[in-house]
Amino acid sequence: MLKECWENVQRKSPLVHNITNYVTVNDVANVLLACGGSPIMSDEPEDVEDITSICGGLNINIGTLNKSSIEAMFRAGKRANELGHPVLLDPVGTGASKLRTETADRLVSEVRFACIRGNISEIKTIANGSGTTKGVDADVADAVTEETLPAAVAFARDLAARLDTVIAITGAIDIVADGSKAYVIRNGRPEMGRITGTGCQLSGLCTAYLAANPEQPLEAVATAVTLMGAAGEIGWSHMHAVDGNSTYRDRIIDAIYNMDGEILEAWAKVDVWSNDQP
C-alpha cells in the first residue's frame, strides 16, 4: 500500500489547489514540492473556480478565515465536486469561535469531502456541531491514548460512515478511517508540535496523495499520514545540539524530499483495525 501510493504521486505529480492559512502557506507549498506534487495558492473568489479546474485536488484550510476566503472555499469546493476532484477539509480551530464552527458546519453540509483531517477536538466539533479547542490545538481532555484508542477508532469509523468520507484524526497516535476499516499509525515525534503548521503541511500532503490515488482514498491518506510521521522521525535523527525548531522544520521537509517507497515502508508503524479491533 505505502510504496504503491508513494509511486503514484511521483508518477503523476499532482497539481494541488490550496486555500490555506497565511501563517503556513509557504511551508505547505514547499512540502507539496518535496513530496513530488505541485502547489497553487489562490483564495480570490473570482479566481478559484478556474484555478481548481486545472488542478487534481483541492485543500481547504480554515485557519485564517475572512469573508472573501470563505466565499472562495465554497465556490472552489463546489467546482471541484462538479469535476470529480478530491477535496480535503482541514477545520483548523473549529470550536474556538462561532465563525470557524459555523463555517466548517456549512462546508461539510454543502461540499463533498474525500477527507476531513484535524486533531481530535476539531473532529469532535465536526461530529457534534459544537465543541472546544485549545486555540488550534487539541484539548488535553480529548487526547487519544492507548487506553482511549478503541473508542476513538470506533468514533472515527462511525463519523466516516455518516459523512461518507475518510476521517483522519492526527496527534500522538494517528487514526485514518472510513466506514469499515481504520489504520492506526504511531509514527512521529512530540517535537513536531513545536513547529507551526505541521498539520497544515500534512493536509497538503494528504490532498496530493488523494489526487494521485483516486481509487483508494483511505490508503492514500494513511500513506500521507505515515509519510509525515516518518519524516518527523528521520528529520529528528539528523538534528544537532545547536539546532532548534526552525531547523527541524527544514529537516522534515528534506526527509520528505529524500523519501522513497522502501524507506517509507521501513519506517512505517501502521496497524490495520477492522471491527474495532487491531
# chains A, B, ... in the order shown; residues from 1 in each chain; ligands from 1
call {"tool": "residues_around", "arguments": {"residues": "A:Ile40", "least_positions_apart": "4", "cutoff": "9 Å", "atoms": "only C-alpha atoms", "output": "ChimeraX atom specification"}}
result
/A:15-19,29,51-52,55
call {"tool": "write_last_selection", "arguments": {"atoms": "N, CA and C atoms", "output": "mmCIF file, in the first residue's frame"}}
result
data_model
loop_
_atom_site.group_PDB
_atom_site.id
_atom_site.type_symbol
_atom_site.label_atom_id
_atom_site.label_comp_id
_atom_site.auth_asym_id
_atom_site.auth_seq_id
_atom_site.Cartn_x
_atom_site.Cartn_y
_atom_site.Cartn_z
ATOM 1 N N LEU A 15 -1.159 18.344 -9.263
ATOM 2 C CA LEU A 15 -1.264 19.776 -9.026
ATOM 3 C C LEU A 15 -2.372 20.002 -8.007
ATOM 4 N N VAL A 16 -2.051 20.664 -6.895
ATOM 5 C CA VAL A 16 -2.982 20.821 -5.782
ATOM 6 C C VAL A 16 -3.300 22.292 -5.584
ATOM 7 N N HIS A 17 -4.597 22.608 -5.564
ATOM 8 C CA HIS A 17 -5.075 23.948 -5.256
ATOM 9 C C HIS A 17 -5.250 24.066 -3.748
ATOM 10 N N ASN A 18 -4.621 25.059 -3.160
ATOM 11 C CA ASN A 18 -4.666 25.259 -1.713
ATOM 12 C C ASN A 18 -5.330 26.583 -1.371
ATOM 13 N N ILE A 19 -6.419 26.517 -0.620
ATOM 14 C CA ILE A 19 -6.958 27.694 0.054
ATOM 15 C C ILE A 19 -6.604 27.473 1.515
ATOM 16 N N ALA A 29 3.391 24.897 0.479
ATOM 17 C CA ALA A 29 3.888 24.849 -0.893
ATOM 18 C C ALA A 29 5.172 24.036 -0.988
ATOM 19 N N ILE A 51 -8.895 28.171 -11.236
ATOM 20 C CA ILE A 51 -7.686 27.521 -10.726
ATOM 21 C C ILE A 51 -7.956 26.077 -10.333
ATOM 22 N N THR A 52 -9.038 25.851 -9.604
ATOM 23 C CA THR A 52 -9.296 24.476 -9.155
ATOM 24 C C THR A 52 -9.630 23.571 -10.329
ATOM 25 N N CYS A 55 -6.509 21.809 -11.552
ATOM 26 C CA CYS A 55 -5.790 21.037 -10.535
ATOM 27 C C CYS A 55 -6.397 19.650 -10.373
#
call {"tool": "residues_around", "arguments": {"residues": "A:Leu264", "least_positions_apart": "4", "cutoff": "10 Å", "atoms": "only C-alpha atoms", "output": "list in words"}}
result
Leu2, Lys3, Trp6, Thr223, Thr226, Leu227, Met228, Gly229, Ala230, Ala231, Ile256, Met259, Asp260, Ala268 and Lys269 of chain A
call {"tool": "write_last_selection", "arguments": {"atoms": "N, CA, C and O atoms", "output": "mmCIF file, in the first residue's frame"}}
result
data_model
loop_
_atom_site.group_PDB
_atom_site.id
_atom_site.type_symbol
_atom_site.label_atom_id
_atom_site.label_comp_id
_atom_site.auth_asym_id
_atom_site.auth_seq_id
_atom_site.Cartn_x
_atom_site.Cartn_y
_atom_site.Cartn_z
ATOM 1 N N LEU A 2 1.800 1.380 0.939
ATOM 2 C CA LEU A 2 2.583 2.599 1.096
ATOM 3 C C LEU A 2 3.427 2.890 -0.136
ATOM 4 O O LEU A 2 3.412 4.012 -0.668
ATOM 5 N N LYS A 3 4.137 1.891 -0.597
ATOM 6 C CA LYS A 3 5.018 2.088 -1.748
ATOM 7 C C LYS A 3 4.217 2.423 -2.996
ATOM 8 O O LYS A 3 4.591 3.305 -3.776
ATOM 9 N N TRP A 6 2.946 6.015 -2.794
ATOM 10 C CA TRP A 6 4.076 6.925 -2.970
ATOM 11 C C TRP A 6 4.480 6.995 -4.438
ATOM 12 O O TRP A 6 4.700 8.092 -4.983
ATOM 13 N N THR A 223 -1.203 6.677 3.865
ATOM 14 C CA THR A 223 0.184 6.780 3.410
ATOM 15 C C THR A 223 0.745 8.163 3.681
ATOM 16 O O THR A 223 1.882 8.315 4.152
ATOM 17 N N THR A 226 1.441 8.539 7.372
ATOM 18 C CA THR A 226 2.643 7.771 7.715
ATOM 19 C C THR A 226 3.894 8.490 7.231
ATOM 20 O O THR A 226 4.906 8.572 7.947
ATOM 21 N N LEU A 227 3.830 9.027 6.021
ATOM 22 C CA LEU A 227 4.968 9.755 5.454
ATOM 23 C C LEU A 227 5.355 10.939 6.329
ATOM 24 O O LEU A 227 6.544 11.143 6.631
ATOM 25 N N MET A 228 4.376 11.715 6.755
ATOM 26 C CA MET A 228 4.684 12.885 7.583
ATOM 27 C C MET A 228 5.303 12.471 8.912
ATOM 28 O O MET A 228 6.292 13.067 9.370
ATOM 29 N N GLY A 229 4.756 11.439 9.536
ATOM 30 C CA GLY A 229 5.299 10.970 10.808
ATOM 31 C C GLY A 229 6.698 10.408 10.663
ATOM 32 O O GLY A 229 7.587 10.679 11.489
ATOM 33 N N ALA A 230 6.916 9.617 9.610
ATOM 34 C CA ALA A 230 8.246 9.055 9.373
ATOM 35 C C ALA A 230 9.256 10.165 9.091
ATOM 36 O O ALA A 230 10.397 10.121 9.575
ATOM 37 N N ALA A 231 8.841 11.180 8.334
ATOM 38 C CA ALA A 231 9.731 12.305 8.061
ATOM 39 C C ALA A 231 10.092 13.037 9.348
ATOM 40 O O ALA A 231 11.226 13.516 9.512
ATOM 41 N N ILE A 256 11.054 14.421 3.575
ATOM 42 C CA ILE A 256 10.003 14.122 2.598
ATOM 43 C C ILE A 256 10.586 14.140 1.186
ATOM 44 O O ILE A 256 10.291 13.268 0.360
ATOM 45 N N MET A 259 12.575 10.936 0.549
ATOM 46 C CA MET A 259 11.873 9.688 0.806
ATOM 47 C C MET A 259 11.753 8.851 -0.460
ATOM 48 O O MET A 259 11.715 9.374 -1.573
ATOM 49 N N ASP A 260 11.701 7.529 -0.282
ATOM 50 C CA ASP A 260 11.275 6.647 -1.362
ATOM 51 C C ASP A 260 10.399 5.552 -0.760
ATOM 52 O O ASP A 260 10.203 5.492 0.459
ATOM 53 N N ALA A 268 7.640 2.717 8.645
ATOM 54 C CA ALA A 268 6.204 2.752 8.963
ATOM 55 C C ALA A 268 5.878 1.950 10.225
ATOM 56 O O ALA A 268 6.390 0.847 10.432
ATOM 57 N N LYS A 269 5.001 2.535 11.040
ATOM 58 C CA LYS A 269 4.469 1.869 12.236
ATOM 59 C C LYS A 269 2.943 1.916 12.131
ATOM 60 O O LYS A 269 2.292 2.781 12.723
#
call {"tool": "atom_distance", "arguments": {"atom1": "atom CA of A:Lys78", "atom2": "atom CA of A:Ser109"}}
result
11.4 Å
call {"tool": "atom_distance", "arguments": {"atom1": "atom CA of A:Ala255", "atom2": "atom CA of A:Gly235"}}
result
5.9 Å
call {"tool": "closest_residue", "arguments": {"among": "A:Asp254, A:Met239, A:Leu149, A:Asp271", "to": "A:Ala182", "atoms": "only C-alpha atoms"}}
result
A:Asp271
call {"tool": "closest_residue", "arguments": {"among": "A:Gln216, A:Asn128, A:Thr247, A:Asn66", "to": "A:Asp105", "atoms": "only C-alpha atoms"}}
result
A:Asn128
call {"tool": "select_by_dssp", "arguments": {"residues": "stretch 191-270 of chain A", "states": "alpha helix (DSSP H)", "output": "PyMOL selection string"}}
result
chain A and resi 198-212+217-237+245-257+261-267
call {"tool": "closest_residue", "arguments": {"among": "A:Thr64, A:Thr94, A:Asn8, A:Ser42", "to": "A:Tyr22", "atoms": "only C-alpha atoms"}}
result
A:Thr64
call {"tool": "closest_residue", "arguments": {"among": "A:Thr196, A:Asp27, A:Val242, A:Val270", "to": "A:Ile175", "atoms": "only C-alpha atoms"}}
result
A:Val270
call {"tool": "closest_residue", "arguments": {"among": "A:Ile70, A:Cys206, A:Ala76, A:Val166", "to": "A:Arg106", "atoms": "only C-alpha atoms"}}
result
A:Ile70
call {"tool": "residues_around", "arguments": {"residues": "A:Ile173", "least_positions_apart": "4", "cutoff": "12 Å", "atoms": "only C-alpha atoms", "output": "MDAnalysis selection string"}}
result
chainID A and resid 119:120 143:150 152:153 168:169 183:190 225:226 229 269:271
call {"tool": "atom_distance", "arguments": {"atom1": "atom CA of A:Arg251", "atom2": "atom CA of A:Asp90"}}
result
23.6 Å
